[in-house]
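Peer 1: As input, take protein-v7.pdb (PDB, C-alpha atoms):
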```
MODEL        1
ATOM      1  CA  LEU A   1     104.030 -84.736  72.147
ATOM      2  CA  LEU A   2     102.873 -85.646  68.653
ATOM      3  CA  VAL A   3     100.633 -82.610  68.539
ATOM      4  CA  SER A   4     103.486 -80.382  69.705
ATOM      5  CA  GLY A   5     105.716 -81.866  67.040
ATOM      6  CA  ILE A   6     103.122 -81.230  64.357
ATOM      7  CA  ILE A   7     102.633 -77.640  65.531
ATOM      8  CA  PHE A   8     106.403 -77.079  65.542
ATOM      9  CA  LEU A   9     106.702 -78.577  62.056
ATOM     10  CA  VAL A  10     103.868 -76.444  60.703
ATOM     11  CA  CYS A  11     105.333 -73.293  62.270
ATOM     12  CA  HIS A  12     108.788 -74.153  60.958
ATOM     13  CA  LEU A  13     107.458 -74.758  57.455
ATOM     14  CA  PHE A  14     105.449 -71.502  57.605
ATOM     15  CA  TYR A  15     108.542 -69.587  58.716
ATOM     16  CA  LYS A  16     110.777 -71.147  56.058
ATOM     17  CA  LYS A  17     108.251 -70.914  53.236
ATOM     18  CA  ARG A  18     106.586 -67.611  54.058
ATOM     19  CA  MET A  19     108.172 -65.489  56.752
ATOM     20  CA  GLU A  20     111.860 -65.998  56.081
ATOM     21  CA  PRO A  21     111.712 -64.998  52.355
ATOM     22  CA  GLY A  22     109.496 -62.026  53.262
ATOM     23  CA  LEU A  23     111.827 -60.850  56.034
ATOM     24  CA  GLU A  24     114.809 -61.241  53.730
ATOM     25  CA  LYS A  25     113.007 -59.136  51.125
ATOM     26  CA  ILE A  26     112.274 -56.459  53.728
ATOM     27  CA  GLN A  27     115.914 -56.464  54.853
ATOM     28  CA  GLN A  28     117.073 -56.185  51.239
ATOM     29  CA  GLU A  29     114.726 -53.249  50.632
ATOM     30  CA  ILE A  30     115.978 -51.474  53.745
ATOM     31  CA  GLN A  31     119.572 -51.998  52.642
ATOM     32  CA  TYR A  32     118.840 -50.640  49.153
ATOM     33  CA  LEU A  33     117.150 -47.589  50.694
ATOM     34  CA  LYS A  34     120.241 -46.987  52.858
ATOM     35  CA  TRP A  35     122.288 -47.010  49.659
ATOM     36  CA  GLU A  36     119.774 -44.529  48.157
ATOM     37  CA  ASN A  37     119.059 -47.107  45.483
ATOM     38  CA  LEU A  38     115.353 -47.036  44.630
ATOM     39  CA  SER A  39     115.425 -49.754  41.975
ATOM     40  CA  TYR A  40     114.611 -52.729  44.224
ATOM     41  CA  ASP A  41     110.974 -53.855  43.989
ATOM     42  CA  CYS A  42     109.707 -55.033  47.378
ATOM     43  CA  SER A  43     106.323 -56.318  46.165
ATOM     44  CA  TRP A  44     105.016 -59.386  48.009
ATOM     45  CA  GLU A  45     101.801 -61.301  47.427
ATOM     46  CA  GLY A  46      99.431 -62.013  50.284
ATOM     47  CA  GLU A  47      97.378 -60.329  52.973
ATOM     48  CA  ASP A  48      99.434 -61.115  56.085
ATOM     49  CA  GLU A  49     101.660 -58.737  58.053
ATOM     50  CA  ILE A  50     104.729 -59.595  55.959
ATOM     51  CA  ALA A  51     102.926 -58.735  52.713
ATOM     52  CA  MET A  52     101.503 -55.519  54.198
ATOM     53  CA  THR A  53     104.965 -54.442  55.377
ATOM     54  CA  CYS A  54     106.441 -55.185  51.948
ATOM     55  CA  ARG A  55     103.690 -53.193  50.233
ATOM     56  CA  SER A  56     104.209 -50.250  52.594
ATOM     57  CA  LEU A  57     107.945 -50.234  51.893
ATOM     58  CA  ASN A  58     107.324 -50.516  48.173
ATOM     59  CA  ASP A  59     104.807 -47.651  48.253
ATOM     60  CA  MET A  60     107.388 -45.570  50.109
ATOM     61  CA  ARG A  61     110.012 -46.457  47.486
ATOM     62  CA  ILE A  62     107.698 -45.386  44.658
ATOM     63  CA  GLN A  63     106.903 -42.122  46.460
ATOM     64  CA  LEU A  64     110.603 -41.437  46.938
ATOM     65  CA  ILE A  65     111.139 -41.972  43.203
ATOM     66  CA  GLN A  66     108.384 -39.443  42.458
ATOM     67  CA  ASN A  67     109.794 -36.977  44.990
ATOM     68  CA  ARG A  68     113.211 -37.284  43.386
ATOM     69  CA  LYS A  69     111.736 -36.680  39.920
ATOM     70  CA  ASP A  70     109.856 -33.625  41.229
ATOM     71  CA  THR A  71     113.057 -32.282  42.772
ATOM     72  CA  TRP A  72     114.985 -32.800  39.522
ATOM     73  CA  GLU A  73     112.224 -30.999  37.617
ATOM     74  CA  LEU A  74     112.318 -28.055  40.045
ATOM     75  CA  VAL A  75     116.094 -27.838  39.759
ATOM     76  CA  GLU A  76     115.904 -27.941  35.963
ATOM     77  CA  GLN A  77     113.164 -25.311  35.886
ATOM     78  CA  GLN A  78     115.207 -23.074  38.183
ATOM     79  CA  ARG A  79     118.214 -23.524  35.909
ATOM     80  CA  LEU A  80     116.126 -22.506  32.892
ATOM     81  CA  ILE A  81     114.706 -19.508  34.771
ATOM     82  CA  ASN A  82     118.193 -18.394  35.788
ATOM     83  CA  ALA A  83     119.399 -18.776  32.203
ATOM     84  CA  ALA A  84     116.394 -16.794  30.932
ATOM     85  CA  PHE A  85     117.051 -14.037  33.474
ATOM     86  CA  ALA A  86     120.737 -13.834  32.517
ATOM     87  CA  HIS A  87     119.711 -13.622  28.852
ATOM     88  CA  ASP A  88     116.958 -11.048  29.422
ATOM     89  CA  ILE A  89     119.101  -8.565  31.358
ATOM     90  CA  ARG A  90     121.886  -8.700  28.762
ATOM     91  CA  THR A  91     120.229  -6.142  26.469
ATOM     92  CA  PRO A  92     119.298  -3.582  29.181
ATOM     93  CA  LEU A  93     122.870  -3.792  30.486
ATOM     94  CA  THR A  94     124.192  -3.231  26.951
ATOM     95  CA  VAL A  95     121.905  -0.208  26.526
ATOM     96  CA  ILE A  96     122.956   1.228  29.913
ATOM     97  CA  ASN A  97     126.617   0.774  29.036
ATOM     98  CA  GLY A  98     126.072   2.415  25.645
ATOM     99  CA  TYR A  99     124.505   5.550  27.094
ATOM    100  CA  ILE A 100     127.151   5.798  29.794
ATOM    101  CA  GLN A 101     129.778   5.670  27.043
ATOM    102  CA  MET A 102     127.971   8.474  25.195
ATOM    103  CA  ILE A 103     128.007  10.704  28.272
ATOM    104  CA  GLU A 104     131.658   9.933  29.053
ATOM    105  CA  LYS A 105     132.660  10.567  25.431
ATOM    106  CA  PHE A 106     130.757  13.761  24.569
ATOM    107  CA  TYR A 107     129.906  15.635  27.785
ATOM    108  CA  PRO A 108     133.487  16.344  28.980
ATOM    109  CA  GLU A 109     134.270  17.829  25.532
ATOM    110  CA  GLY A 110     131.185  20.044  25.634
ATOM    111  CA  LYS A 111     129.566  18.165  22.765
ATOM    112  CA  MET A 112     126.541  17.145  24.842
ATOM    113  CA  SER A 113     124.204  19.576  26.537
ATOM    114  CA  ARG A 114     123.080  19.195  30.116
ATOM    115  CA  GLU A 115     119.557  18.552  28.855
ATOM    116  CA  LYS A 116     120.831  15.719  26.669
ATOM    117  CA  VAL A 117     122.750  14.262  29.613
ATOM    118  CA  MET A 118     119.582  14.301  31.723
ATOM    119  CA  GLU A 119     117.682  12.687  28.843
ATOM    120  CA  ASN A 120     120.272   9.895  28.671
ATOM    121  CA  ILE A 121     120.182   9.445  32.442
ATOM    122  CA  ASP A 122     116.394   9.087  32.210
ATOM    123  CA  ILE A 123     116.850   6.338  29.592
ATOM    124  CA  ILE A 124     119.379   4.603  31.873
ATOM    125  CA  SER A 125     116.916   4.805  34.779
ATOM    126  CA  LYS A 126     114.210   3.185  32.650
ATOM    127  CA  GLN A 127     116.574   0.345  31.755
ATOM    128  CA  VAL A 128     117.376  -0.149  35.464
ATOM    129  CA  ALA A 129     113.632  -0.298  36.152
ATOM    130  CA  ARG A 130     113.344  -2.859  33.367
ATOM    131  CA  ILE A 131     115.984  -5.059  35.036
ATOM    132  CA  GLU A 132     114.161  -4.717  38.360
ATOM    133  CA  GLN A 133     110.949  -5.795  36.638
ATOM    134  CA  PHE A 134     112.739  -8.836  35.187
ATOM    135  CA  SER A 135     114.037  -9.707  38.653
ATOM    136  CA  GLU A 136     110.590  -9.417  40.236
ATOM    137  CA  THR A 137     109.026 -11.512  37.472
ATOM    138  CA  MET A 138     111.637 -14.249  37.829
ATOM    139  CA  LYS A 139     111.159 -14.422  41.611
ATOM    140  CA  ASN A 140     107.478 -15.252  41.121
ATOM    141  CA  MET A 141     108.046 -17.846  38.397
ATOM    142  CA  ASN A 142     108.056 -21.590  39.028
ATOM    143  CA  HIS A 143     108.202 -22.574  35.364
ATOM    144  CA  THR A 144     109.509 -20.816  32.293
ATOM    145  CA  GLY A 145     105.972 -20.637  30.890
ATOM    146  CA  ASP A 146     104.598 -18.698  33.880
ATOM    147  CA  TRP A 147     105.355 -15.260  32.439
ATOM    148  CA  ASP A 148     102.218 -13.122  32.868
ATOM    149  CA  ILE A 149     101.262 -10.819  29.992
ATOM    150  CA  VAL A 150     100.270  -7.359  31.246
ATOM    151  CA  TYR A 151      98.507  -5.214  28.649
ATOM    152  CA  LYS A 152      98.867  -1.428  28.785
ATOM    153  CA  GLU A 153      97.847   1.280  26.351
ATOM    154  CA  ILE A 154     100.679   2.770  24.299
ATOM    155  CA  THR A 155     100.992   4.910  21.190
ATOM    156  CA  THR A 156     102.828   3.787  18.070
ATOM    157  CA  GLU A 157     105.113   6.812  18.372
ATOM    158  CA  LYS A 158     106.085   5.901  21.950
ATOM    159  CA  LEU A 159     106.772   2.284  21.001
ATOM    160  CA  LEU A 160     109.097   3.285  18.162
ATOM    161  CA  GLU A 161     110.769   5.896  20.375
ATOM    162  CA  VAL A 162     111.612   3.243  23.005
ATOM    163  CA  LEU A 163     112.865   0.715  20.445
ATOM    164  CA  GLU A 164     114.980   3.342  18.685
ATOM    165  CA  SER A 165     116.401   4.438  22.036
ATOM    166  CA  ASN A 166     117.387   0.838  22.824
ATOM    167  CA  LEU A 167     118.982   0.527  19.392
ATOM    168  CA  ARG A 168     121.149   3.606  19.968
ATOM    169  CA  GLY A 169     122.347   2.191  23.269
ATOM    170  CA  MET A 170     123.156  -1.202  21.742
ATOM    171  CA  THR A 171     125.176   0.244  18.845
ATOM    172  CA  GLU A 172     127.206   2.793  20.835
ATOM    173  CA  GLY A 173     130.934   2.075  20.672
ATOM    174  CA  LYS A 174     130.528  -0.327  17.740
ATOM    175  CA  ASN A 175     131.695   0.402  14.230
ATOM    176  CA  ILE A 176     128.174  -0.075  12.936
ATOM    177  CA  SER A 177     125.758   2.347  11.324
ATOM    178  CA  THR A 178     122.026   1.797  11.621
ATOM    179  CA  VAL A 179     119.067   3.350   9.842
ATOM    180  CA  VAL A 180     115.554   3.363  11.308
ATOM    181  CA  CYS A 181     112.913   3.475   8.571
ATOM    182  CA  LYS A 182     109.680   4.519  10.254
ATOM    183  CA  GLY A 183     107.679   5.244   7.139
ATOM    184  CA  GLU A 184     104.386   7.041   7.732
ATOM    185  CA  VAL A 185     103.621   6.318  11.349
ATOM    186  CA  GLN A 186     100.011   6.871  12.254
ATOM    187  CA  LYS A 187      99.374   8.257  15.717
ATOM    188  CA  SER A 188      97.404   5.238  16.839
ATOM    189  CA  LYS A 189      96.986   3.683  20.257
ATOM    190  CA  PHE A 190      96.838   0.011  21.126
ATOM    191  CA  PHE A 191      97.237  -2.350  24.080
ATOM    192  CA  CYS A 192     100.319  -4.521  24.485
ATOM    193  CA  ASP A 193     102.909  -5.764  26.959
ATOM    194  CA  MET A 194     105.807  -3.426  26.272
ATOM    195  CA  SER A 195     108.319  -5.628  28.079
ATOM    196  CA  VAL A 196     107.536  -8.572  25.776
ATOM    197  CA  ILE A 197     107.776  -6.443  22.613
ATOM    198  CA  GLN A 198     111.078  -4.972  23.793
ATOM    199  CA  GLU A 199     112.404  -8.438  24.570
ATOM    200  CA  VAL A 200     111.563  -9.811  21.122
ATOM    201  CA  ALA A 201     112.803  -6.714  19.279
ATOM    202  CA  ASP A 202     116.001  -6.491  21.331
ATOM    203  CA  ASN A 203     116.831 -10.147  20.704
ATOM    204  CA  LEU A 204     116.379  -9.644  16.953
ATOM    205  CA  ILE A 205     118.553  -6.520  17.017
ATOM    206  CA  MET A 206     121.266  -8.146  19.154
ATOM    207  CA  ASN A 207     121.432 -11.114  16.760
ATOM    208  CA  ALA A 208     121.573  -8.783  13.762
ATOM    209  CA  LEU A 209     124.364  -6.740  15.363
ATOM    210  CA  ARG A 210     126.336  -9.886  16.197
ATOM    211  CA  TYR A 211     126.243 -11.099  12.610
ATOM    212  CA  ALA A 212     126.942  -7.568  11.328
ATOM    213  CA  VAL A 213     130.158  -7.576  13.386
ATOM    214  CA  LEU A 214     131.086 -11.061  12.148
ATOM    215  CA  ASN A 215     130.612 -10.039   8.546
TER
ENDMDL
END
```
Rewrite the structure from the file as C-alpha cells, please.

Peer 2:
Amino acid sequence: LLVSGIIFLVCHLFYKKRMEPGLEKIQQEIQYLKWENLSYDCSWEGEDEIAMTCRSLNDMRIQLIQNRKDTWELVEQQRLINAAFAHDIRTPLTVINGYIQMIEKFYPEGKMSREKVMENIDIISKQVARIEQFSETMKNMNHTGDWDIVYKEITTEKLLEVLESNLRGMTEGKNISTVVCKGEVQKSKFFCDMSVIQEVADNLIMNALRYAVLN
C-alpha cells in the first residue's frame, strides 16, 4: 500500500509538474492555430513525448509563417508585374489609337493614299505584335527582374524609323509639334533588344509630352 501510494504520488507530481503544463501549452497552440494566429511560441524543453510534440507544433508554426511570407511575396510580385504590364502596353495603345485617328481623319477626305493607309495598318499590326510580346513575357515572369534580354541585329536607320513612327502615333490628335533631329546618321549595324530600347524611349517621350501639355 505504501509503495502504491508513493507511485501514485510520483505520477501525480510528474503529471502536475510536467505533463499538465505541456498539455496546456499544446492546447493553447492548437487554439491559436485555429484562430490563424501564428504568434504563439510552443517551445518546450526536454526529450519526452510532450517536448517532442511541442517542438513539432512549433516547427509547423514556423513553417506556416514562412509559407505565409512566401505567399505575400508572390502576391506582391504579381501585383508589380500586372502594374508593369499595364504601364508597358500604354504606349503601344496610344500609338495604335494615333494611327487609327490619322486614317479616320485623312482617308475619307482623300488626303491619304491607299499605300499610306496600308503603311499605317502595318505600323498598327507591329504595335499589336508588341503588346502580344509583352503579354507572353509577363506570363513567364515570376519576378519583375526576370525580363530576358534578347539581342538582335538592327541598323541605326531602322531603329530611328521605328522610334519616329512611335512618336508620330503618340502625338496624333494633340496640339503639339515635334521635331526629330537625326543629324548625320551612319548606316551602321549593332545588336540590341529593340523592345527594351522602345520601352525606354517611349517612356521618355510620353513624360515629355505630358509636361508639354501641362505647360

Peer 1: Which residues are close to Ser125 of chain A, i.e. within 12 Å by all atoms listed in the file, leaving aside same-chain residues fewer than 6 positions away? Reply as a list in words.

Peer 2: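 My reading of the contact set: Pro92, Leu93, Val95, Ile96, Asn97, Tyr99, Ile100, Met118, Glu119, Ile131 and Glu132 of chain A.
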
Peer 1: Please return, as number ranges by chain, all polymer residues that have at least one atom within 12 Å of the point (118.4, -8.2, 24.6); use all atoms listed in the file and the file's own coordinate frame.

Peer 2: A: 84-96, 127, 130-131, 163, 166-167, 169-170, 195-210

Peer 1: Quick one: residues within 8 Å of Glu172 of chain A, all atoms listed in the file, excluding same-chain residues fewer than 5 positions away - as an MDAnalysis selection string?

Peer 2: chainID A and resid 98:99 101:102

Peer 1: Using all atoms listed in the file, which protein or nucleic acid residues come within 10 Å of Lys25 of chain A? Drop anything in the same chain fewer than 5 positions from it, and give the result as a list in words.

Peer 2: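 Counting only the stated atoms, we get Met19, Glu20, Ile30, Gln31, Tyr40, Asp41, Cys42, Ser43, Trp44, Ile50 and Cys54 of chain A.
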
Peer 1: From the options A:Glu164, A:Glu29, A:Glu73, A:Glu136, which residue's atoms come nearest to Asp59 of chain A, counting all atoms listed in the file?

Peer 2: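 Ranking A:Glu164, A:Glu29, A:Glu73, A:Glu136 by distance to Asp59 of chain A, first place goes to A:Glu29.
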
Peer 1: Between atom CA of Ile124 of chain A and atom CA of Lys187 of chain A, measure the distance and give it in Å to one decimal.

Peer 2: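 Between atom CA of Ile124 of chain A and atom CA of Lys187 of chain A the gap is 26.0 Å.
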
Peer 1: Provide the atom CA of Lys69 of chain A to atom CA of Ser56 of chain A distance in Å, to one decimal place.

Peer 2: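 For atom CA of Lys69 of chain A relative to atom CA of Ser56 of chain A, the distance reads 20.0 Å.
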
Peer 1: Atom CA of Met194 of chain A and atom CA of Val150 of chain A are how many Å apart?

Peer 2: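 Between these atoms lies a distance of 8.4 Å.
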